[in-house]
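A.B. asks: Below you'll find entry_20.csv; it's CSV, C-alpha atoms and all ligand atoms.
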chain,number,residue,atom,x,y,z
A,17,MET,CA,-12.5,0.8,-5.3
A,18,PRO,CA,-15.0,3.6,-4.8
A,19,VAL,CA,-15.4,4.5,-1.1
A,20,GLY,CA,-18.8,3.8,0.5
A,21,THR,CA,-18.0,4.9,4.0
A,22,LEU,CA,-21.4,4.5,5.6
A,23,ALA,CA,-22.7,1.7,3.4
A,24,SER,CA,-23.3,4.3,0.7
A,25,VAL,CA,-21.3,5.9,-2.1
A,26,LYS,CA,-22.5,9.4,-1.2
A,27,GLY,CA,-25.2,10.4,-3.7
A,28,VAL,CA,-25.2,7.4,-6.0
A,29,PRO,CA,-27.7,4.6,-5.9
A,30,GLN,CA,-26.5,1.0,-6.1
A,31,ASP,CA,-28.1,0.3,-9.6
A,32,ILE,CA,-26.1,3.2,-11.1
A,33,LEU,CA,-22.9,1.9,-9.4
A,34,GLU,CA,-23.6,-1.4,-11.1
A,35,GLU,CA,-24.2,0.3,-14.4
A,36,LEU,CA,-20.9,2.1,-14.1
A,37,GLY,CA,-19.2,-1.3,-13.7
A,38,VAL,CA,-18.1,-1.0,-10.1
A,39,GLN,CA,-16.8,-4.4,-9.1
A,40,ILE,CA,-16.0,-3.8,-5.5
A,41,LEU,CA,-16.8,-1.1,-2.9
A,42,LEU,CA,-15.0,-0.1,0.3
A,43,GLY,CA,-16.8,0.3,3.5
A,44,ASN,CA,-15.4,1.8,6.7
A,45,THR,CA,-15.6,-0.5,9.8
A,46,TYR,CA,-15.2,2.4,12.3
A,47,HIS,CA,-18.1,4.4,10.9
A,48,LEU,CA,-20.4,1.3,10.6
A,49,TYR,CA,-19.4,0.2,14.1
A,50,LEU,CA,-20.7,3.5,15.5
A,51,ARG,CA,-23.7,3.7,13.2
A,52,PRO,CA,-25.8,1.7,12.7
A,53,GLY,CA,-23.7,-0.8,14.7
A,54,ILE,CA,-22.2,-4.2,13.7
A,55,GLU,CA,-24.8,-6.3,15.4
A,56,GLN,CA,-27.6,-4.5,13.6
A,57,VAL,CA,-26.0,-5.1,10.2
A,58,ARG,CA,-25.2,-8.7,11.1
A,59,LYS,CA,-28.8,-9.4,12.1
A,60,LEU,CA,-30.0,-8.0,8.8
A,61,GLY,CA,-27.8,-10.5,7.0
A,62,GLY,CA,-24.6,-8.6,6.6
A,63,LEU,CA,-23.4,-5.6,4.7
A,64,HIS,CA,-24.2,-6.8,1.2
A,65,ARG,CA,-27.8,-7.6,2.0
A,66,PHE,CA,-28.2,-4.5,4.2
A,67,MET,CA,-27.1,-2.1,1.4
A,68,ALA,CA,-28.5,-4.3,-1.4
A,69,TRP,CA,-25.1,-4.6,-3.1
A,70,PRO,CA,-24.6,-7.9,-4.9
A,71,ARG,CA,-21.0,-7.4,-5.8
A,72,ALA,CA,-17.8,-7.4,-3.7
A,73,ILE,CA,-17.1,-5.3,-0.7
A,74,LEU,CA,-13.8,-4.6,1.2
A,75,THR,CA,-13.9,-3.3,4.7
A,76,ASP,CA,-10.9,-1.6,6.4
A,77,SER,CA,-10.1,-2.6,10.0
A,78,GLY,CA,-11.1,0.7,11.5
A,79,GLY,CA,-7.5,1.3,12.5
A,80,PHE,CA,-6.8,4.1,10.1
A,81,GLN,CA,-9.9,6.1,11.2
A,82,VAL,CA,-9.2,5.5,14.9
A,83,PHE,CA,-5.7,6.8,14.4
A,84,SER,CA,-7.0,9.8,12.7
A,85,LEU,CA,-8.8,10.8,15.9
A,86,ASN,CA,-5.5,11.9,17.4
A,87,GLU,CA,-6.5,13.5,20.7
A,88,LEU,CA,-9.4,11.1,21.2
A,89,ARG,CA,-7.4,7.9,21.3
A,90,LYS,CA,-5.0,5.9,23.5
A,91,VAL,CA,-2.9,3.0,22.1
A,92,THR,CA,-1.8,0.0,24.2
A,93,GLU,CA,-0.5,-3.4,23.4
A,94,ASP,CA,-4.1,-4.7,23.7
A,95,GLY,CA,-5.6,-2.2,21.3
A,96,VAL,CA,-6.9,1.3,21.0
A,97,THR,CA,-9.3,3.2,23.3
A,98,PHE,CA,-11.0,6.0,21.5
A,99,ARG,CA,-13.9,8.4,21.7
A,100,SER,CA,-16.6,8.5,19.1
A,101,HIS,CA,-16.5,11.6,16.9
A,102,LEU,CA,-20.3,11.5,17.0
A,103,ASP,CA,-21.2,11.6,20.7
A,104,GLY,CA,-17.9,11.4,22.6
A,105,SER,CA,-18.7,7.9,24.0
A,106,SER,CA,-15.7,5.7,24.8
A,107,HIS,CA,-14.9,2.5,22.8
A,108,PHE,CA,-12.2,0.0,22.6
A,109,LEU,CA,-11.0,-1.6,19.4
A,110,SER,CA,-8.4,-4.5,19.4
A,111,PRO,CA,-7.3,-6.8,16.6
A,112,GLU,CA,-9.8,-9.4,17.8
A,113,GLY,CA,-12.6,-6.7,18.0
A,114,ALA,CA,-11.7,-5.4,14.6
A,115,MET,CA,-11.9,-9.0,13.2
A,116,ALA,CA,-15.2,-9.7,15.0
A,117,ALA,CA,-16.6,-6.4,13.5
A,118,GLN,CA,-15.5,-7.2,10.0
A,119,ILE,CA,-16.8,-10.8,10.2
A,120,GLY,CA,-20.1,-9.4,11.4
A,121,LEU,CA,-20.3,-7.0,8.5
A,122,GLY,CA,-19.4,-9.9,6.2
A,123,ALA,CA,-17.4,-8.1,3.5
A,124,ASP,CA,-15.6,-10.3,1.0
A,125,ILE,CA,-12.1,-8.9,1.7
A,126,ILE,CA,-11.3,-7.7,5.3
A,127,MET,CA,-8.1,-6.1,6.6
A,128,ALA,CA,-5.9,-6.9,9.6
A,129,PHE,CA,-5.9,-4.4,12.4
A,130,ASP,CA,-2.7,-2.2,12.1
A,131,GLU,CA,-1.2,0.9,13.5
A,132,CYS,CA,-0.8,3.6,10.9
A,133,THR,CA,2.5,5.2,11.8
A,134,GLU,CA,2.2,9.0,11.8
A,135,HIS,CA,4.5,11.2,9.7
A,136,PRO,CA,7.0,12.4,10.5
A,137,ALA,CA,8.2,9.8,13.0
A,138,ASP,CA,11.8,9.0,14.2
A,139,GLN,CA,13.5,5.6,13.6
A,140,ALA,CA,12.7,4.2,17.1
A,141,ARG,CA,9.0,5.1,16.8
A,142,MET,CA,8.7,3.7,13.3
A,143,ARG,CA,10.2,0.4,14.4
A,144,LYS,CA,8.1,0.2,17.6
A,145,SER,CA,4.9,0.9,15.6
A,146,MET,CA,5.9,-1.7,12.9
A,147,GLU,CA,6.5,-4.4,15.6
A,148,LEU,CA,3.1,-3.6,17.1
A,149,THR,CA,1.4,-4.0,13.7
A,150,LEU,CA,3.1,-7.4,13.2
A,151,ARG,CA,1.9,-8.7,16.6
A,152,TRP,CA,-1.6,-7.4,15.8
A,153,ALA,CA,-1.4,-9.1,12.3
A,154,GLU,CA,-0.8,-12.4,14.1
A,155,ARG,CA,-3.6,-11.8,16.5
A,156,SER,CA,-5.9,-10.7,13.6
A,157,LYS,CA,-5.2,-13.9,11.7
A,158,ARG,CA,-5.5,-16.2,14.7
A,159,TYR,CA,-8.9,-14.7,15.6
A,160,PHE,CA,-10.1,-14.8,11.9
A,161,GLU,CA,-9.1,-18.5,11.5
A,162,GLU,CA,-11.1,-19.4,14.6
A,163,HIS,CA,-14.2,-17.3,13.8
A,164,LYS,CA,-14.4,-17.1,10.0
A,165,GLY,CA,-17.4,-19.5,10.1
A,166,ASP,CA,-19.4,-16.8,11.9
A,167,VAL,CA,-19.8,-14.6,8.8
A,168,PRO,CA,-23.5,-13.9,8.3
A,169,TRP,CA,-23.7,-15.6,5.0
A,170,ALA,CA,-21.6,-18.7,5.8
A,171,LYS,CA,-24.4,-21.1,6.6
A,172,ASN,CA,-27.0,-20.2,4.0
A,173,HIS,CA,-24.7,-19.7,1.1
A,174,VAL,CA,-26.5,-20.0,-2.2
A,175,ALA,CA,-24.3,-19.5,-5.3
A,176,PRO,CA,-25.3,-16.6,-7.5
A,177,ASP,CA,-27.4,-17.8,-10.5
A,178,PRO,CA,-25.0,-17.5,-13.4
A,179,SER,CA,-27.8,-17.4,-16.0
A,180,SER,CA,-29.3,-14.2,-14.4
A,181,GLY,CA,-25.9,-12.7,-13.8
A,182,GLY,CA,-27.2,-11.5,-10.5
A,183,PRO,CA,-27.3,-12.7,-6.9
A,184,ALA,CA,-29.6,-15.5,-5.8
A,185,LYS,CA,-32.9,-14.4,-4.2
A,186,ASP,CA,-35.1,-16.3,-1.9
A,187,ALA,CA,-38.9,-16.6,-2.1
A,188,ALA,CA,-39.4,-13.2,-0.6
A,189,GLY,CA,-37.2,-11.7,-3.3
A,190,GLN,CA,-34.5,-10.9,-0.8
A,191,PHE,CA,-30.9,-11.4,-1.7
A,192,THR,CA,-29.9,-14.6,0.1
A,193,SER,CA,-26.2,-14.5,-0.2
A,194,TYR,CA,-23.3,-12.8,-1.9
A,195,ALA,CA,-20.6,-15.1,-0.7
A,196,GLY,CA,-17.9,-16.0,-3.2
A,197,GLU,CA,-17.6,-12.5,-4.6
A,198,GLY,CA,-14.5,-12.0,-2.5
A,199,ALA,CA,-13.0,-15.1,-3.9
A,200,ARG,CA,-13.9,-14.0,-7.4
A,201,VAL,CA,-12.3,-10.5,-6.9
A,202,THR,CA,-9.2,-12.0,-5.3
A,203,GLN,CA,-9.0,-14.4,-8.2
A,204,ALA,CA,-9.5,-11.6,-10.8
A,205,ALA,CA,-6.7,-9.6,-9.2
A,206,ALA,CA,-4.6,-12.7,-9.1
A,207,GLU,CA,-5.2,-13.2,-12.8
A,208,LEU,CA,-3.9,-9.7,-13.5
A,209,CYS,CA,-0.8,-10.6,-11.3
A,210,SER,CA,-0.4,-13.7,-13.4
A,211,ALA,CA,-0.6,-11.6,-16.6
A,212,ARG,CA,2.4,-9.7,-15.2
A,213,GLN,CA,4.2,-12.7,-13.8
A,214,PRO,CA,3.3,-15.8,-15.9
A,215,ARG,CA,5.3,-18.0,-13.6
A,216,ALA,CA,2.9,-17.5,-10.8
A,217,ALA,CA,0.0,-19.9,-10.7
A,218,VAL,CA,-2.6,-18.9,-8.1
A,219,SER,CA,-4.7,-21.5,-6.5
A,220,THR,CA,-8.4,-20.8,-6.7
A,221,LEU,CA,-10.0,-20.1,-3.3
A,222,GLU,CA,-12.1,-23.1,-3.0
A,223,GLU,CA,-13.4,-22.5,0.4
A,224,VAL,CA,-16.2,-19.8,0.4
A,225,THR,CA,-15.0,-17.5,3.1
A,226,GLN,CA,-13.8,-13.9,3.6
A,227,ALA,CA,-10.2,-13.1,2.5
A,228,LEU,CA,-8.1,-11.5,5.2
A,229,PHE,CA,-5.3,-9.3,3.9
A,230,GLY,CA,-2.2,-8.3,5.8
A,231,ILE,CA,-0.9,-4.7,5.9
A,232,VAL,CA,2.7,-3.6,5.5
A,233,GLN,CA,3.8,-0.7,7.7
A,234,GLY,CA,7.3,0.7,8.5
A,235,GLY,CA,6.9,4.4,8.1
A,236,MET,CA,9.0,6.1,5.5
A,237,ASP,CA,12.0,3.7,6.0
A,238,ARG,CA,12.8,1.4,3.2
A,239,GLN,CA,14.6,-1.2,5.4
A,240,LEU,CA,11.7,-1.3,7.8
A,241,ARG,CA,9.2,-1.6,4.9
A,242,LYS,CA,11.2,-4.6,3.6
A,243,GLU,CA,11.3,-6.2,7.1
A,244,SER,CA,7.6,-5.5,7.6
A,245,ALA,CA,6.8,-7.1,4.2
A,246,GLU,CA,8.9,-10.2,4.8
A,247,ARG,CA,7.5,-10.8,8.3
A,248,THR,CA,3.9,-10.2,7.2
A,249,ILE,CA,4.4,-12.7,4.4
A,250,GLY,CA,5.8,-15.0,7.1
A,251,ILE,CA,2.4,-14.8,8.9
A,252,GLY,CA,0.7,-15.6,5.5
A,253,PHE,CA,-2.2,-13.9,3.9
A,254,PRO,CA,-4.0,-14.3,0.5
A,255,GLY,CA,-3.3,-10.6,-0.3
A,256,TYR,CA,-1.1,-7.7,1.0
A,257,ALA,CA,-1.7,-4.0,1.5
A,258,ILE,CA,0.7,-1.2,1.8
A,259,GLY,CA,-0.6,1.1,4.5
A,260,GLY,CA,0.7,4.2,6.3
A,261,LEU,CA,1.1,6.2,3.1
A,262,SER,CA,-0.7,9.4,2.0
A,263,VAL,CA,-0.3,10.6,5.6
A,264,GLY,CA,1.1,14.0,4.7
A,265,GLU,CA,4.4,13.0,3.1
A,266,PRO,CA,5.5,14.4,-0.2
A,267,ARG,CA,4.3,12.5,-3.3
A,268,THR,CA,7.8,11.7,-4.4
A,269,LEU,CA,8.4,9.9,-1.1
A,270,THR,CA,5.1,8.0,-1.4
A,271,ARG,CA,6.2,6.8,-4.8
A,272,GLU,CA,9.6,5.8,-3.6
A,273,ILE,CA,8.2,3.8,-0.6
A,274,VAL,CA,5.6,2.1,-2.8
A,275,GLU,CA,8.1,1.0,-5.4
A,276,SER,CA,10.6,-0.3,-2.9
A,277,THR,CA,8.0,-2.1,-0.8
A,278,LEU,CA,6.4,-3.8,-3.9
A,279,GLU,CA,9.7,-5.6,-4.6
A,280,HIS,CA,9.3,-7.5,-1.4
A,281,LEU,CA,5.6,-8.5,-1.9
A,282,PRO,CA,4.7,-11.7,-3.9
A,283,ALA,CA,3.6,-10.8,-7.4
A,284,ASP,CA,1.2,-13.8,-7.4
A,285,ARG,CA,-1.0,-12.2,-4.6
A,286,PRO,CA,-3.1,-9.1,-4.9
A,287,ARG,CA,-1.2,-6.0,-3.8
A,288,TYR,CA,-3.3,-3.2,-2.5
A,289,LEU,CA,-2.2,0.3,-2.0
A,290,MET,CA,-4.4,2.0,0.5
A,291,GLY,CA,-5.8,5.5,0.1
A,292,VAL,CA,-4.5,6.7,-3.3
A,293,GLY,CA,-4.8,8.7,-5.5
A,294,THR,CA,-5.2,11.0,-8.5
A,295,PRO,CA,-6.0,9.5,-11.9
A,296,GLU,CA,-2.4,10.0,-12.9
A,297,GLU,CA,-1.2,8.3,-9.7
A,298,ILE,CA,-3.4,5.3,-10.0
A,299,VAL,CA,-2.1,4.6,-13.5
A,300,GLU,CA,1.5,5.0,-12.3
A,301,TYR,CA,1.0,2.7,-9.3
A,302,ALA,CA,-0.8,0.1,-11.4
A,303,ASN,CA,2.2,0.2,-13.7
A,304,PHE,CA,4.5,-0.4,-10.7
A,305,GLY,CA,2.4,-3.6,-10.0
A,306,ILE,CA,-0.3,-2.4,-7.6
A,307,ASP,CA,-3.6,-4.4,-8.2
A,308,MET,CA,-6.0,-2.6,-5.9
A,309,MET,CA,-6.5,1.0,-4.7
A,310,ASP,CA,-9.1,3.0,-3.0
A,311,CYS,CA,-9.6,6.7,-2.6
A,312,VAL,CA,-12.3,9.2,-1.6
A,313,MET,CA,-10.9,11.6,-4.2
A,314,PRO,CA,-13.3,11.0,-7.1
A,315,THR,CA,-16.4,11.2,-4.8
A,316,ARG,CA,-15.2,13.9,-2.4
A,317,ALA,CA,-13.8,16.1,-5.2
A,318,ALA,CA,-17.1,15.7,-7.1
A,319,ARG,CA,-19.1,17.0,-4.1
A,320,HIS,CA,-16.8,20.1,-4.2
A,321,GLY,CA,-17.4,20.7,-7.9
A,322,LEU,CA,-14.0,19.3,-9.0
A,323,LEU,CA,-14.3,17.1,-12.1
A,324,PHE,CA,-11.6,14.9,-13.6
A,325,THR,CA,-11.6,14.8,-17.4
A,326,SER,CA,-9.4,13.5,-20.2
A,327,GLU,CA,-8.2,17.1,-20.6
A,328,GLY,CA,-7.4,17.7,-16.9
A,329,LYS,CA,-9.3,18.8,-13.9
A,330,ILE,CA,-12.0,21.4,-14.1
A,331,SER,CA,-13.8,23.3,-11.3
A,332,ILE,CA,-17.4,23.4,-12.5
A,333,LYS,CA,-18.2,26.2,-10.1
A,334,GLN,CA,-16.3,28.7,-12.1
A,335,ALA,CA,-18.3,31.5,-13.9
A,336,ARG,CA,-16.6,30.7,-17.2
A,337,TYR,CA,-18.8,27.6,-17.5
A,338,ALA,CA,-22.1,29.5,-17.1
A,339,GLY,CA,-22.7,29.6,-20.8
A,340,ASP,CA,-20.7,26.5,-21.8
A,341,ASP,CA,-23.0,24.1,-23.7
A,342,SER,CA,-20.4,21.4,-24.1
A,343,ALA,CA,-20.2,18.1,-22.1
A,344,VAL,CA,-17.9,17.9,-19.1
A,345,ASP,CA,-15.6,15.7,-21.0
A,346,PRO,CA,-16.1,15.3,-24.7
A,347,ASN,CA,-14.3,11.9,-24.5
A,348,CYS,CA,-16.4,10.5,-21.7
A,349,GLY,CA,-19.3,8.1,-22.5
A,350,CYS,CA,-20.9,8.4,-19.1
A,351,ARG,CA,-24.6,9.1,-18.7
A,352,VAL,CA,-23.8,12.6,-17.4
A,353,CYS,CA,-21.6,13.6,-20.3
A,354,GLN,CA,-24.1,12.1,-22.7
A,355,ARG,CA,-27.0,14.2,-21.4
A,356,TYR,CA,-26.0,17.4,-19.6
A,357,SER,CA,-23.9,20.5,-20.3
A,358,ARG,CA,-21.2,22.2,-18.3
A,359,ALA,CA,-23.6,25.2,-18.1
A,360,TYR,CA,-26.3,23.1,-16.5
A,361,LEU,CA,-23.9,21.4,-14.0
A,362,ARG,CA,-22.5,24.8,-13.1
A,363,HIS,CA,-26.0,26.1,-12.5
A,364,LEU,CA,-26.8,23.1,-10.3
A,365,TYR,CA,-23.7,23.6,-8.2
A,366,ALA,CA,-24.2,27.3,-7.9
A,367,ALA,CA,-27.8,26.8,-6.8
A,368,ASN,CA,-26.7,24.2,-4.3
A,369,GLU,CA,-29.0,21.5,-5.8
A,370,VAL,CA,-28.5,18.0,-4.5
A,371,LEU,CA,-28.5,16.8,-8.1
A,372,ALA,CA,-25.1,18.6,-8.6
A,373,GLN,CA,-23.5,16.2,-6.2
A,374,VAL,CA,-25.1,13.1,-7.7
A,375,LEU,CA,-24.2,14.0,-11.3
A,376,ASN,CA,-20.6,15.2,-10.5
A,377,THR,CA,-20.0,12.0,-8.5
A,378,VAL,CA,-21.3,9.8,-11.3
A,379,HIS,CA,-19.0,11.4,-13.9
A,380,ASN,CA,-15.9,11.3,-11.6
A,381,LEU,CA,-16.5,7.6,-10.8
A,382,SER,CA,-17.0,6.9,-14.4
A,383,PHE,CA,-13.7,8.6,-15.3
A,384,TYR,CA,-11.8,6.6,-12.6
A,385,LEU,CA,-13.4,3.3,-13.6
A,386,ASP,CA,-12.6,4.0,-17.3
A,387,THR,CA,-9.0,4.8,-16.3
A,388,MET,CA,-8.7,1.4,-14.5
A,389,ARG,CA,-10.4,-0.5,-17.3
A,390,ALA,CA,-7.8,0.9,-19.7
A,391,VAL,CA,-5.1,-0.2,-17.3
A,392,ARG,CA,-6.5,-3.7,-17.0
A,393,HIS,CA,-6.9,-3.9,-20.8
A,394,SER,CA,-3.3,-2.9,-21.4
A,395,ILE,CA,-2.0,-5.4,-18.8
A,396,LEU,CA,-4.0,-8.2,-20.3
A,397,LEU,CA,-2.8,-7.4,-23.7
A,398,GLY,CA,0.7,-7.5,-22.3
A,399,LYS,CA,1.2,-4.2,-23.9
A,400,GLU,CA,4.5,-2.4,-23.7
A,401,THR,CA,3.8,0.6,-21.4
A,402,GLY,CA,7.3,1.4,-20.3
A,403,SER,CA,6.7,0.2,-16.8
A,404,SER,CA,9.0,-2.3,-15.1
A,405,CYS,CA,6.4,-4.8,-14.2
A,406,VAL,CA,5.0,-5.0,-17.7
A,407,ARG,CA,8.5,-5.0,-19.2
A,408,SER,CA,9.4,-8.0,-17.1
A,409,GLN,CA,7.1,-10.2,-19.1
A,410,PRO,CA,8.7,-12.5,-21.6
A,411,LYS,CA,8.3,-11.4,-25.2
A,412,PRO,CA,6.0,-13.7,-27.3
B,1,ZN,ZN,-18.7,11.7,-17.9
Translate the structure of the given file into structure tokens.

C.D. replies:
Amino acid sequence: MPVGTLASVKGVPQDILEELGVQILLGNTYHLYLRPGIEQVRKLGGLHRFMAWPRAILTDSGGFQVFSLNELRKVTEDGVTFRSHLDGSSHFLSPEGAMAAQIGLGADIIMAFDECTEHPADQARMRKSMELTLRWAERSKRYFEEHKGDVPWAKNHVAPDPSSGGPAKDAAGQFTSYAGEGARVTQAAAELCSARQPRAAVSTLEEVTQALFGIVQGGMDRQLRKESAERTIGIGFPGYAIGGLSVGEPRTLTREIVESTLEHLPADRPRYLMGVGTPEEIVEYANFGIDMMDCVMPTRAARHGLLFTSEGKISIKQARYAGDDSAVDPNCGCRVCQRYSRAYLRHLYAANEVLAQVLNTVHNLSFYLDTMRAVRHSILLGKETGSSCVRSQPKP
């Protein structure tokens, strides 16, 4: 999932995202809550309509961003008091508030409010934090169940016109609704799960509503991760995320915690690893059994001139590319590689042209999306890739 923090994947218009085959975007509740404000987006019909994005959206709960504020926050049983990074104004976010915000934005998949445990943390701290996340998960679910009908598109839902392949529009040519995308994405992820685990039949989400996912915490402790997974499953969600990783721990530890946590999450529900990773890592985690990932890496790196290619990373700002007439990646079919040379991209970057950020981001997103397409293809083929989850399939 490319990250569109402020209802925008920085530098890339929505029609190009569609052309790239982006199926789902991530939006950040914390940032949208501060600017332009939840009520503003809700009044404009919800996030899909506001940003003219007809495909699926996932929003985070705001928890991770609030916890990143460190000095600017205070955590209690009720929720988190924090100061805006924009103007220093004071705000309060609770599980109920985070749900209300995400219902107001109207993303297809929304996340329970959790506490991201810092790293390093001692045993007592990790347990205390995990217990708090579990209580918040229950409160998140309770609030969601009582208020899910308040989503901006709930009452005027019009199914997308399948013949046009696009979203339905009203007489004024405005998008009327995008509801149901979340169900489709959850179902698509579930189908991949089923490809891995044929025994698991996943019920279609008949009710058109948002899907609320639970988040597993537990720090870097395998036992706590197991307990967090089991008790989060006990609360019951249509999908599960692994949170609290990529917080400064070594990559080998991330891998170890992901692998051990996955064992305890149902294979017939989407399993979402938050905030990873490099192209190599996303392939590896997908092979472990992860179905969904998000990361700012392809877009943020692009803005810093770092490009991912089939032959490794290149830093386009380097003088060595000044006379290089070849494409960024000879094996990439994206619109940037088809048209522009490394020399031109290097020039745009050196001259600080806005187009440099746009083109670099389009290529990196294309590379990531191609990588995931290849992963999906190999899962659906049931191809032997050497990974445990694929190996566990019965041989034909
Ligand atoms: Zn390319």

A.B. asks: List as a ChimeraX atom specification the protein and nucleic acid residues lying within 6 Å of ligand ZN 1 (chain B), with all atoms listed in the file counted.

C.D. replies: /A:345,348-350,352-353,379

A.B. asks: Report the distance between atom CA of Ala372 of chain A and atom CA of Ile32 of chain A in Å, rounded to one decimal place.

C.D. replies: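 If I compute the distance from atom CA of Ala372 of chain A to atom CA of Ile32 of chain A, I get 15.6 Å.
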
A.B. asks: Counting only C-alpha atoms, figure out which residue out of A:Lys329, A:Arg51, A:Arg89, A:Lys164 gets nearest to Thr294 of chain A.

C.D. replies: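 Among A:Lys329, A:Arg51, A:Arg89, A:Lys164, it is A:Lys329 that comes nearest to Thr294 of chain A.
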
A.B. asks: Enter the distance from atom CA of Phe160 of chain A to atom CA of Ile119 of chain A, in Å, rounded to one decimal.

C.D. replies: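 Result for atom CA of Phe160 of chain A versus atom CA of Ile119 of chain A: 8.0 Å, one decimal.
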
A.B. asks: Quick one: of A:Val19, A:Ile73, A:Leu48, A:Val224, who's nearest to Met290 of chain A, counting all atoms listed in the file?

C.D. replies: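 Closest to Met290 of chain A of all the choices is A:Val19.
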
A.B. asks: Output segment 309-323 of chain A as an mmCIF file, keeping the file's coordinate frame, making sure N, CA, C and O atoms are there.

C.D. replies:
data_model
loop_
_atom_site.group_PDB
_atom_site.id
_atom_site.type_symbol
_atom_site.label_atom_id
_atom_site.label_comp_id
_atom_site.auth_asym_id
_atom_site.auth_seq_id
_atom_site.Cartn_x
_atom_site.Cartn_y
_atom_site.Cartn_z
ATOM 1 N N MET A 309 -6.621 -0.309 -5.410
ATOM 2 C CA MET A 309 -6.500 1.000 -4.700
ATOM 3 C C MET A 309 -7.854 1.469 -4.346
ATOM 4 O O MET A 309 -8.848 1.090 -4.953
ATOM 5 N N ASP A 310 -7.885 2.326 -3.315
ATOM 6 C CA ASP A 310 -9.100 3.000 -3.000
ATOM 7 C C ASP A 310 -8.845 4.421 -2.677
ATOM 8 O O ASP A 310 -7.750 4.754 -2.244
ATOM 9 N N CYS A 311 -9.805 5.272 -2.955
ATOM 10 C CA CYS A 311 -9.600 6.700 -2.600
ATOM 11 C C CYS A 311 -10.928 7.409 -2.603
ATOM 12 O O CYS A 311 -11.812 7.122 -3.410
ATOM 13 N N VAL A 312 -11.043 8.334 -1.667
ATOM 14 C CA VAL A 312 -12.300 9.200 -1.600
ATOM 15 C C VAL A 312 -12.180 10.284 -2.648
ATOM 16 O O VAL A 312 -13.162 11.005 -2.836
ATOM 17 N N MET A 313 -11.031 10.396 -3.331
ATOM 18 C CA MET A 313 -10.900 11.600 -4.200
ATOM 19 C C MET A 313 -11.954 11.760 -5.258
ATOM 20 O O MET A 313 -12.499 12.856 -5.344
ATOM 21 N N PRO A 314 -12.295 10.735 -6.056
ATOM 22 C CA PRO A 314 -13.300 11.000 -7.100
ATOM 23 C C PRO A 314 -14.647 11.446 -6.514
ATOM 24 O O PRO A 314 -15.301 12.333 -7.083
ATOM 25 N N THR A 315 -15.043 10.848 -5.395
ATOM 26 C CA THR A 315 -16.400 11.200 -4.800
ATOM 27 C C THR A 315 -16.321 12.482 -4.034
ATOM 28 O O THR A 315 -17.189 13.324 -4.170
ATOM 29 N N ARG A 316 -15.276 12.646 -3.223
ATOM 30 C CA ARG A 316 -15.200 13.900 -2.400
ATOM 31 C C ARG A 316 -14.984 15.097 -3.299
ATOM 32 O O ARG A 316 -15.641 16.126 -3.113
ATOM 33 N N ALA A 317 -14.079 14.979 -4.275
ATOM 34 C CA ALA A 317 -13.800 16.100 -5.200
ATOM 35 C C ALA A 317 -15.113 16.490 -5.914
ATOM 36 O O ALA A 317 -15.426 17.674 -6.080
ATOM 37 N N ALA A 318 -15.867 15.468 -6.340
ATOM 38 C CA ALA A 318 -17.100 15.700 -7.100
ATOM 39 C C ALA A 318 -18.066 16.583 -6.242
ATOM 40 O O ALA A 318 -18.698 17.502 -6.753
ATOM 41 N N ARG A 319 -18.144 16.273 -4.961
ATOM 42 C CA ARG A 319 -19.100 17.000 -4.100
ATOM 43 C C ARG A 319 -18.594 18.471 -3.914
ATOM 44 O O ARG A 319 -19.373 19.329 -3.512
ATOM 45 N N HIS A 320 -17.313 18.719 -4.219
ATOM 46 C CA HIS A 320 -16.800 20.100 -4.200
ATOM 47 C C HIS A 320 -16.680 20.709 -5.553
ATOM 48 O O HIS A 320 -16.005 21.726 -5.727
ATOM 49 N N GLY A 321 -17.325 20.066 -6.528
ATOM 50 C CA GLY A 321 -17.400 20.700 -7.900
ATOM 51 C C GLY A 321 -16.109 20.470 -8.689
ATOM 52 O O GLY A 321 -15.918 21.131 -9.710
ATOM 53 N N LEU A 322 -15.248 19.547 -8.251
ATOM 54 C CA LEU A 322 -14.000 19.300 -9.000
ATOM 55 C C LEU A 322 -14.169 18.059 -9.844
ATOM 56 O O LEU A 322 -14.410 16.970 -9.319
ATOM 57 N N LEU A 323 -14.051 18.231 -11.155
ATOM 58 C CA LEU A 323 -14.300 17.100 -12.100
ATOM 59 C C LEU A 323 -13.026 16.718 -12.799
ATOM 60 O O LEU A 323 -12.271 17.578 -13.263
#
